[in-house]
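Visitor: Before we start, here is the structure in question, set down as structure tokens.
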Amino acid sequence: MNPYVMTLLLAVGWGAFIFWTAQRRWRLMRVGAPAMRFDHLGKRFALMVRFALGQWRMPRHRLAGVAHIFIYAGAVIMLLRALILFARGYVDDPHFGYWIFTTGPDGAPLGHLYSLLKDILVVLVLVGIGIFFYFRVIKQLPRMTLNFEGMLILAILTGLMLTDALYDGASMARYDHHASGWEPLGSLLAAPLRGASAGTLTFLQHLGFWGHISLILGFMNYLPYCKQFHEITGFPNVFFQDLTLRGRLEPIEDLEGMVEREETLGIARIEQFSWKSILDMYSCTECGRCADACPANRTGKLLSPKQFTVDCRDNLYSRQSELIKKNGEPAKIDLVGEVINPEMVWACTTCRACEQECPVFISYVDKFVDLRRYLVQEKGEFPNDLQLAFRGLENAGNPWGLPAEDRLAWAKGIDVPLISDKPEAEYLWWVGCAPAYDDRAKRVSQAMAKLLNKAGVSYAVLGPEETCTGDTARRAGNEFLFQILAQTNVEILNGYNVKRIITACPHCYNTLRHEYPDFGGHYEVIHHGNFFAQLIREGKLQPTNPVNEQIVFHDSCYLGRYNDIYDPPREVLRTIPGVQLVEAEDSRDRGMCCGAGGAQMFKEEEKGDKRMNILRIEQLLDTKPQTVASACPFCMRMLSDGLGMKDRDDVCQLDIAEVLWKSVQ
Ligand code: SF4
Ligand code: SF4
């Protein structure tokens, strides 16, 4: 077309991108703390192919997912088109396509195929843009932000598609090429242009061509400043996702040394996040799927995971120059309080529903816990209620501060051996604090003991030697307290040479299984749902008494999303004669949190329109159950309270162990 103009555009466009926009974002990312994400390269690559290239998570969102796939596929196909058009700036050939992608009457087979695919995708991209326009402007979906940036991006994408089509149509009309099935869109646009003068056609062809090139280069430079940056960072963000165990929080190593060296515990400021966390911020598409899934957001709390990322990103970008400059200390701006409302940080239940939905694998739980660690350990700023729980854990090893000698009071009249009396027991039953002290949960422990005895399981409990696993302390940000509890428990468990642990608490399960190995505790940990399913399969428990009820099962986040345990508790219920198992609309990996996790059980919920347990119980009641079953003492407390608040004494709330005991006793 015109080599001089093309050279100028490419030099300016790519020069600005490489030496200014991208380079500054790269340096900003490197401000972040180190994070090891170069292990398991094969697995990382496979995940990237599946989730970034294959867009595996998108079909879960029907129309928006389809629209996104159209635009994404269009972007991929248009990358090659950009390379072809860059070259056409230097050759006077409107069909040039690196020989194998040549188009026009004498085009190559691959060129024809590519032209056809490109034309189809141009139309589909326009359809996708229309869908997003409908969602943003007409339907005004709350999860999608209606702002200038979003509209500008849609306008640029539309411009890219229209200029491409105009260039093809005007070229075909100018060179009088016949309509071709390989170039349907170009042929369609060429038809009404055929009578135009040569000058008009040349003008339109150049308008399409140079308009398209300018938009590509301009958009490329705009990308790092807008949410569309994910088109560049989405792939690496999926590639560098956290591959460590989902339920494990990274321990703070050498806590005492850090205190002596006066290093910050937890995260106070944006630049203390890791480079991967900064890449997360670059990669957020602002689709709002995380916020739609978040139980805090759904019940009107201030917390929106998407908004958290956007606020962090705004803070990061606004301070880019001072953070990347080599000389001088950047201003010390605490995130919580100055950028993020503390209510956001304390409302998180650590349920991971947001992470489950995010198409680019942005993590949240680790960030909220890191911020809490700073607030608790450095500033002593946390909800008052947690003070009681911390004190109870410190003084008595349980969040209520109840005497250790009462830990086995629930077992009065039932034969429950202590491990000190039965060190040869095959299984250590880790009872947990709520099942030991909470009046309602004690009945679950009693049912469980009777089931274990009936099945002839060789087990024992720690009794007064057991203390809290520390899950609550850790998720509340009190890493010091957690590590003390973990070390004490590991010492006791290893002292008895424990190898296999069963527990009815998913929070204990998760901590014992995924977090105690960091402290030298390596055990096979089995949740009671799996254990009872196995005992039934082996014929050691035989559910024979009918329980003629419609039962809905509520998935605990720490059992389901954290540990992929969905089927065993359902299997237990299905084996019971008479049980009709029904599913709530939000269930399994999309199950809604009851509101107790992440230390919420021990503090008042943040202000909102509704309590989380009420929303959850309403969802479960929609299935018209006689019984709401669960497999977690925290969920049990929240769901029972929810039923009480809804005045639904007609519906029972039982643990799977209690339902099973009704059938085998
Ligand atoms: S972990 Fe759960 S509560 Fe926390 S932000 Fe994510 S969805 Fe919301
Ligand atoms: S964090 Fe993920 S799910 Fe949430 S808005 Fe950003 S890209 Fe979407």
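Numbering starts fresh at 1 for the residues of each chain in the structure tokens, the chains themselves are lettered A, B, ... in the order given, and ligands are numbered from 1 as they appear.
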Could you give me the residues within 6 Å of ligand 2, counting only C-alpha atoms and all ligand atoms, as a list in words?

Guide: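 So the residues close to ligand 2 are Cys284, Thr285, Glu286, Cys287, Gly288, Arg289, Cys290, Lys306, Glu357, Cys358, Pro359, Val360 and Ile362 of chain A.
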
Visitor: Rounded to one decimal, what separation in Å do you get between atom CA of A:Lys607 and atom CA of A:Met592?

Guide: 18.6 Å

Visitor: What residues have any atom no more than 7 Å from ligand 1 when counting only C-alpha atoms and all ligand atoms, and can you list them as a PDB file with N, CA and C atoms, in the first residue's frame?

Guide:
```pdb
ATOM      1  N   CYS A 290     -16.859 -13.659  39.703  1.00  0.00           N
ATOM      2  CA  CYS A 290     -16.475 -13.895  41.102  1.00  0.00           C
ATOM      3  C   CYS A 290     -17.479 -13.230  42.043  1.00  0.00           C
ATOM      4  N   ALA A 291     -17.856 -12.005  41.712  1.00  0.00           N
ATOM      5  CA  ALA A 291     -18.785 -11.274  42.590  1.00  0.00           C
ATOM      6  C   ALA A 291     -20.157 -11.942  42.592  1.00  0.00           C
ATOM      7  N   ALA A 293     -20.732 -15.018  42.386  1.00  0.00           N
ATOM      8  CA  ALA A 293     -20.679 -16.255  43.163  1.00  0.00           C
ATOM      9  C   ALA A 293     -20.416 -16.002  44.641  1.00  0.00           C
ATOM     10  N   CYS A 294     -19.913 -14.826  44.966  1.00  0.00           N
ATOM     11  CA  CYS A 294     -19.457 -14.556  46.338  1.00  0.00           C
ATOM     12  C   CYS A 294     -20.647 -14.445  47.300  1.00  0.00           C
ATOM     13  N   PRO A 295     -20.677 -15.270  48.348  1.00  0.00           N
ATOM     14  CA  PRO A 295     -21.820 -15.221  49.262  1.00  0.00           C
ATOM     15  C   PRO A 295     -21.933 -13.885  49.991  1.00  0.00           C
ATOM     16  N   ALA A 296     -20.781 -13.239  50.228  1.00  0.00           N
ATOM     17  CA  ALA A 296     -20.822 -11.939  50.905  1.00  0.00           C
ATOM     18  C   ALA A 296     -21.463 -10.909  49.969  1.00  0.00           C
ATOM     19  N   ASN A 297     -21.032 -10.935  48.728  1.00  0.00           N
ATOM     20  CA  ASN A 297     -21.585  -9.986  47.753  1.00  0.00           C
ATOM     21  C   ASN A 297     -23.069 -10.256  47.497  1.00  0.00           C
ATOM     22  N   LEU A 303     -18.118  -6.454  50.421  1.00  0.00           N
ATOM     23  CA  LEU A 303     -17.111  -7.244  49.701  1.00  0.00           C
ATOM     24  C   LEU A 303     -17.581  -7.648  48.310  1.00  0.00           C
ATOM     25  N   SER A 304     -16.809  -7.242  47.322  1.00  0.00           N
ATOM     26  CA  SER A 304     -16.951  -7.790  45.975  1.00  0.00           C
ATOM     27  C   SER A 304     -15.540  -8.149  45.556  1.00  0.00           C
ATOM     28  N   PRO A 305     -15.267  -9.438  45.289  1.00  0.00           N
ATOM     29  CA  PRO A 305     -13.895  -9.789  44.921  1.00  0.00           C
ATOM     30  C   PRO A 305     -13.413  -9.009  43.702  1.00  0.00           C
ATOM     31  N   ALA A 347     -15.106  -9.657  55.634  1.00  0.00           N
ATOM     32  CA  ALA A 347     -16.358 -10.325  55.241  1.00  0.00           C
ATOM     33  C   ALA A 347     -16.111 -11.648  54.503  1.00  0.00           C
ATOM     34  N   CYS A 348     -14.860 -11.903  54.133  1.00  0.00           N
ATOM     35  CA  CYS A 348     -14.591 -13.099  53.311  1.00  0.00           C
ATOM     36  C   CYS A 348     -14.680 -14.367  54.153  1.00  0.00           C
ATOM     37  N   THR A 349     -15.433 -15.340  53.649  1.00  0.00           N
ATOM     38  CA  THR A 349     -15.577 -16.614  54.363  1.00  0.00           C
ATOM     39  C   THR A 349     -14.546 -17.645  53.893  1.00  0.00           C
ATOM     40  N   THR A 350     -13.662 -17.221  53.011  1.00  0.00           N
ATOM     41  CA  THR A 350     -12.651 -18.103  52.393  1.00  0.00           C
ATOM     42  C   THR A 350     -13.282 -19.294  51.673  1.00  0.00           C
ATOM     43  N   CYS A 351     -14.474 -19.094  51.114  1.00  0.00           N
ATOM     44  CA  CYS A 351     -15.208 -20.227  50.525  1.00  0.00           C
ATOM     45  C   CYS A 351     -14.678 -20.644  49.161  1.00  0.00           C
ATOM     46  N   ARG A 352     -13.924 -19.788  48.519  1.00  0.00           N
ATOM     47  CA  ARG A 352     -13.315 -20.045  47.214  1.00  0.00           C
ATOM     48  C   ARG A 352     -14.307 -20.105  46.051  1.00  0.00           C
ATOM     49  N   ALA A 353     -15.523 -19.654  46.260  1.00  0.00           N
ATOM     50  CA  ALA A 353     -16.475 -19.652  45.137  1.00  0.00           C
ATOM     51  C   ALA A 353     -15.969 -18.724  44.033  1.00  0.00           C
ATOM     52  N   CYS A 354     -15.334 -17.629  44.424  1.00  0.00           N
ATOM     53  CA  CYS A 354     -14.813 -16.672  43.436  1.00  0.00           C
ATOM     54  C   CYS A 354     -13.724 -17.325  42.592  1.00  0.00           C
ATOM     55  N   GLU A 355     -12.821 -18.029  43.259  1.00  0.00           N
ATOM     56  CA  GLU A 355     -11.696 -18.631  42.547  1.00  0.00           C
ATOM     57  C   GLU A 355     -12.176 -19.730  41.606  1.00  0.00           C
ATOM     58  N   TYR A 364      -7.946 -15.314  45.636  1.00  0.00           N
ATOM     59  CA  TYR A 364      -8.406 -14.316  46.607  1.00  0.00           C
ATOM     60  C   TYR A 364      -8.088 -14.685  48.046  1.00  0.00           C
ATOM     61  N   VAL A 365      -8.297 -15.970  48.393  1.00  0.00           N
ATOM     62  CA  VAL A 365      -8.195 -16.348  49.804  1.00  0.00           C
ATOM     63  C   VAL A 365      -6.805 -16.016  50.348  1.00  0.00           C
TER      64      VAL A 365
END
```

Visitor: Which residues, written as a list in words, have at least one atom at most 12 Å from A:Tyr562, with only C-alpha atoms counted and residues fewer than 6 positions away on the same chain left out?

Guide: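 Using only C-alpha atoms, the neighbours found are Leu245, Arg246, Gly247, Arg248, Leu249, Thr350, Cys351, Arg352, Ala353, Glu355, Gln356, Val365, Pro506, His507, Tyr509, Asn510, Thr511, Arg513, His514, Asp555, Ser556, Arg588, Asp589, Arg590, Gly591 and Gly597 of chain A.
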
Visitor: Taking N, CA, C and O atoms for each residue, export the selection above as a short mmCIF file (atom, residue, chain, number, x, y, z; two decimals), in the first residue's frame.

Guide:
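Result file is result-v7.cif:
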```cif
data_model
loop_
_atom_site.label_atom_id
_atom_site.label_comp_id
_atom_site.auth_asym_id
_atom_site.auth_seq_id
_atom_site.Cartn_x
_atom_site.Cartn_y
_atom_site.Cartn_z
N LEU A 245 -1.35 -27.34 46.96
CA LEU A 245 -2.66 -27.86 47.36
C LEU A 245 -3.63 -26.72 47.60
O LEU A 245 -3.31 -25.73 48.25
N ARG A 246 -4.84 -26.90 47.07
CA ARG A 246 -5.84 -25.84 47.13
C ARG A 246 -6.15 -25.40 48.56
O ARG A 246 -6.36 -24.24 48.84
N GLY A 247 -6.17 -26.37 49.46
CA GLY A 247 -6.59 -26.02 50.82
C GLY A 247 -5.48 -25.49 51.70
O GLY A 247 -5.69 -25.17 52.86
N ARG A 248 -4.27 -25.40 51.16
CA ARG A 248 -3.12 -25.03 52.00
C ARG A 248 -2.80 -23.55 51.87
O ARG A 248 -2.70 -23.02 50.77
N LEU A 249 -2.62 -22.92 53.02
CA LEU A 249 -2.12 -21.55 53.01
C LEU A 249 -0.61 -21.61 53.21
O LEU A 249 -0.11 -22.44 53.98
N THR A 350 -13.66 -17.22 53.01
CA THR A 350 -12.65 -18.10 52.39
C THR A 350 -13.28 -19.29 51.67
O THR A 350 -12.69 -20.37 51.60
N CYS A 351 -14.47 -19.09 51.11
CA CYS A 351 -15.21 -20.23 50.52
C CYS A 351 -14.68 -20.64 49.16
O CYS A 351 -15.00 -21.70 48.67
N ARG A 352 -13.92 -19.79 48.52
CA ARG A 352 -13.31 -20.04 47.21
C ARG A 352 -14.31 -20.11 46.05
O ARG A 352 -13.96 -20.57 44.97
N ALA A 353 -15.52 -19.65 46.26
CA ALA A 353 -16.47 -19.65 45.14
C ALA A 353 -15.97 -18.72 44.03
O ALA A 353 -16.14 -19.01 42.84
N GLU A 355 -12.82 -18.03 43.26
CA GLU A 355 -11.70 -18.63 42.55
C GLU A 355 -12.18 -19.73 41.61
O GLU A 355 -11.61 -19.96 40.55
N GLN A 356 -13.23 -20.41 42.03
CA GLN A 356 -13.80 -21.48 41.21
C GLN A 356 -14.34 -20.93 39.88
O GLN A 356 -14.31 -21.59 38.86
N VAL A 365 -8.30 -15.97 48.39
CA VAL A 365 -8.19 -16.35 49.80
C VAL A 365 -6.81 -16.02 50.35
O VAL A 365 -6.67 -15.45 51.44
N PRO A 506 -14.84 -30.80 58.21
CA PRO A 506 -14.05 -30.50 57.00
C PRO A 506 -12.93 -29.49 57.25
O PRO A 506 -11.92 -29.52 56.56
N HIS A 507 -13.11 -28.60 58.23
CA HIS A 507 -12.05 -27.62 58.51
C HIS A 507 -10.86 -28.32 59.15
O HIS A 507 -9.71 -28.06 58.79
N TYR A 509 -10.28 -31.50 58.78
CA TYR A 509 -9.80 -32.37 57.70
C TYR A 509 -8.79 -31.63 56.84
O TYR A 509 -7.69 -32.10 56.55
N ASN A 510 -9.18 -30.43 56.43
CA ASN A 510 -8.34 -29.65 55.52
C ASN A 510 -7.01 -29.27 56.17
O ASN A 510 -5.95 -29.38 55.56
N THR A 511 -7.10 -28.84 57.42
CA THR A 511 -5.87 -28.39 58.10
C THR A 511 -4.95 -29.57 58.38
O THR A 511 -3.74 -29.51 58.11
N ARG A 513 -4.85 -32.40 56.86
CA ARG A 513 -4.37 -33.05 55.64
C ARG A 513 -3.40 -32.18 54.85
O ARG A 513 -2.38 -32.65 54.37
N HIS A 514 -3.74 -30.90 54.71
CA HIS A 514 -2.96 -30.06 53.80
C HIS A 514 -1.96 -29.14 54.48
O HIS A 514 -1.02 -28.69 53.85
N ASP A 555 -23.40 -28.78 50.53
CA ASP A 555 -21.95 -29.00 50.41
C ASP A 555 -21.19 -27.99 51.26
O ASP A 555 -21.37 -26.77 51.11
N SER A 556 -20.31 -28.51 52.10
CA SER A 556 -19.41 -27.61 52.84
C SER A 556 -18.30 -27.16 51.89
O SER A 556 -17.78 -27.97 51.12
N ARG A 588 -22.81 -28.76 44.83
CA ARG A 588 -21.50 -29.29 44.45
C ARG A 588 -20.49 -28.13 44.35
O ARG A 588 -20.41 -27.32 45.24
N ASP A 589 -19.76 -28.01 43.21
CA ASP A 589 -18.71 -26.99 43.19
C ASP A 589 -19.28 -25.57 43.13
O ASP A 589 -18.54 -24.60 43.27
N ARG A 590 -20.57 -25.46 42.93
CA ARG A 590 -21.20 -24.13 42.98
C ARG A 590 -22.05 -23.95 44.23
O ARG A 590 -22.86 -23.03 44.30
N GLY A 591 -21.87 -24.87 45.18
CA GLY A 591 -22.64 -24.77 46.42
C GLY A 591 -22.35 -23.45 47.12
O GLY A 591 -21.22 -22.99 47.16
N GLY A 597 -17.19 -20.18 57.40
CA GLY A 597 -15.75 -20.39 57.20
C GLY A 597 -14.94 -19.12 57.35
O GLY A 597 -15.49 -18.02 57.48
#
```

Visitor: From the set A:Phe239, A:Tyr114, A:Tyr317, A:Phe531, which residue has the shortest atom-to-atom contact distance to A:Leu80, counting only C-alpha atoms?

Guide: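 Using only C-alpha atoms, A:Leu80 sits closest to A:Tyr114.
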
Visitor: Which of stretch 431-511 of chain A counts as alpha helix (DSSP H) under DSSP, as a PyMOL selection string please?

Guide: chain A and resi 433-437+439-454+471-475+479-495+506-510

Visitor: Which polymer residues have any atom within 9 Å of an atom of A:Glu479, counting only C-alpha atoms, with same-chain residues fewer than 4 positions away left out, as a list of chain:residue names?

Guide: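 So, after excluding close chain neighbours, the residues are A:Pro251, A:Ile252, A:Leu255, A:Arg373, A:Val376, A:Gln377, A:Gly470, A:Ala473, A:Arg474, A:Arg475, A:Gln483, A:Ile484.
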
Visitor: Using atom CA of A:Ile656 and atom CA of A:Ile614 as the two end points, give the distance in Å to one decimal.

Guide: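 Going from atom CA of A:Ile656 over to atom CA of A:Ile614, I get 21.1 Å.
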
Visitor: Within 12 Å of A:Arg574, counting only C-alpha atoms, which residues show up once you throw out same-chain ones fewer than 5 positions away? Write them as a PyMOL selection string, please.

Guide: chain A and resi 533+536+543+546-553+567-569+579-582+656+659-660+663

Visitor: Could you check the closest approach to A:Glu343 for each of A:Lys325, A:Arg88, A:Lys301, A:Arg27 and tell me which residue wins, using only C-alpha atoms?

Guide: A:Lys301

Visitor: Enumerate, in order of chain and increasing residue number, the residues of stretch 142-206 of chain A with an atom no farther than 12 Å from stretch 47-71 of chain A, each with its shortest atom pair and distance in Å to one decimal, counting only C-alpha atoms, as CSV.

Guide:
```
residue,atom,partner,partner_atom,distance
A:Arg143,CA,A:Ala64,CA,11.6
A:Met144,CA,A:Ala64,CA,10.6
A:Ile153,CA,A:Ile71,CA,11.9
A:Leu154,CA,A:Ile71,CA,10.4
A:Leu157,CA,A:Ile71,CA,8.8
A:Thr158,CA,A:Ile71,CA,10.6
A:Leu160,CA,A:Ile71,CA,11.7
A:Met161,CA,A:Ile71,CA,10.6
```

Visitor: In terms of the shortest atom-to-atom distance over only C-alpha atoms, which of A:Val345, A:Val572, A:Val651, A:Ala455 is closest to A:Leu541?

Guide: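 Residue with the minimum atom-to-atom distance to A:Leu541: A:Ala455.
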
Visitor: For the atom pair atom CA of A:Gly234 and atom CA of A:Arg319, what is the interatomic distance in Å to one decimal place?

Guide: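 Computing the Euclidean distance for atom CA of A:Gly234 and atom CA of A:Arg319 yields 22.6 Å.
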
Visitor: Pick out the closest residue to A:Gln665 from this set: A:Lys450, A:Arg37, A:Arg440, A:Lys646. Count only C-alpha atoms.

Guide: A:Lys450

Visitor: Name the residues in contact with A:Trp430 at a cut-off of 8 Å, using only C-alpha atoms, excluding same-chain residues fewer than 5 positions from it; report them as a PDB file with N, CA, C and O atoms, in the first residue's frame.

Guide:
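Output file selection-v6.pdb follows:
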```pdb
ATOM      1  N   VAL A 461      -9.666 -41.677  70.638  1.00  0.00           N
ATOM      2  CA  VAL A 461      -9.653 -40.207  70.547  1.00  0.00           C
ATOM      3  C   VAL A 461      -8.586 -39.655  71.491  1.00  0.00           C
ATOM      4  O   VAL A 461      -8.131 -40.349  72.405  1.00  0.00           O
ATOM      5  N   LEU A 462      -8.217 -38.403  71.251  1.00  0.00           N
ATOM      6  CA  LEU A 462      -7.223 -37.769  72.127  1.00  0.00           C
ATOM      7  C   LEU A 462      -7.843 -37.285  73.424  1.00  0.00           C
ATOM      8  O   LEU A 462      -7.154 -37.139  74.435  1.00  0.00           O
ATOM      9  N   GLU A 466      -6.539 -33.185  72.986  1.00  0.00           N
ATOM     10  CA  GLU A 466      -6.798 -32.558  71.689  1.00  0.00           C
ATOM     11  C   GLU A 466      -6.997 -31.054  71.878  1.00  0.00           C
ATOM     12  O   GLU A 466      -7.660 -30.623  72.825  1.00  0.00           O
ATOM     13  N   ILE A 501      -6.159 -40.740  60.363  1.00  0.00           N
ATOM     14  CA  ILE A 501      -7.071 -39.913  61.160  1.00  0.00           C
ATOM     15  C   ILE A 501      -8.427 -39.863  60.477  1.00  0.00           C
ATOM     16  O   ILE A 501      -8.509 -39.678  59.256  1.00  0.00           O
ATOM     17  N   ILE A 502      -9.494 -40.030  61.257  1.00  0.00           N
ATOM     18  CA  ILE A 502     -10.838 -39.770  60.718  1.00  0.00           C
ATOM     19  C   ILE A 502     -11.418 -38.558  61.450  1.00  0.00           C
ATOM     20  O   ILE A 502     -11.130 -38.333  62.630  1.00  0.00           O
ATOM     21  N   THR A 503     -12.181 -37.780  60.732  1.00  0.00           N
ATOM     22  CA  THR A 503     -12.776 -36.598  61.347  1.00  0.00           C
ATOM     23  C   THR A 503     -14.097 -36.262  60.669  1.00  0.00           C
ATOM     24  O   THR A 503     -14.261 -36.525  59.473  1.00  0.00           O
ATOM     25  N   ALA A 504     -15.011 -35.687  61.449  1.00  0.00           N
ATOM     26  CA  ALA A 504     -16.306 -35.276  60.879  1.00  0.00           C
ATOM     27  C   ALA A 504     -16.310 -33.795  60.547  1.00  0.00           C
ATOM     28  O   ALA A 504     -17.326 -33.262  60.130  1.00  0.00           O
ATOM     29  N   CYS A 508     -11.151 -29.236  60.100  1.00  0.00           N
ATOM     30  CA  CYS A 508     -10.062 -30.032  60.689  1.00  0.00           C
ATOM     31  C   CYS A 508      -9.426 -30.904  59.604  1.00  0.00           C
ATOM     32  O   CYS A 508      -8.202 -31.024  59.519  1.00  0.00           O
TER      33      CYS A 508
END
```

Visitor: Do you know which residues are at most 10 Å from A:Ile278 counting only C-alpha atoms, after dropping those on the same chain fewer than 2 positions away, and could you put them as a count of residues only?

Guide: 23

Visitor: Output as a PyMOL selection string all residues of stretch 232-476 of chain A that backbone DSSP marks as strand (DSSP E or B).

Guide: chain A and resi 274+340+418+427-430+459-461
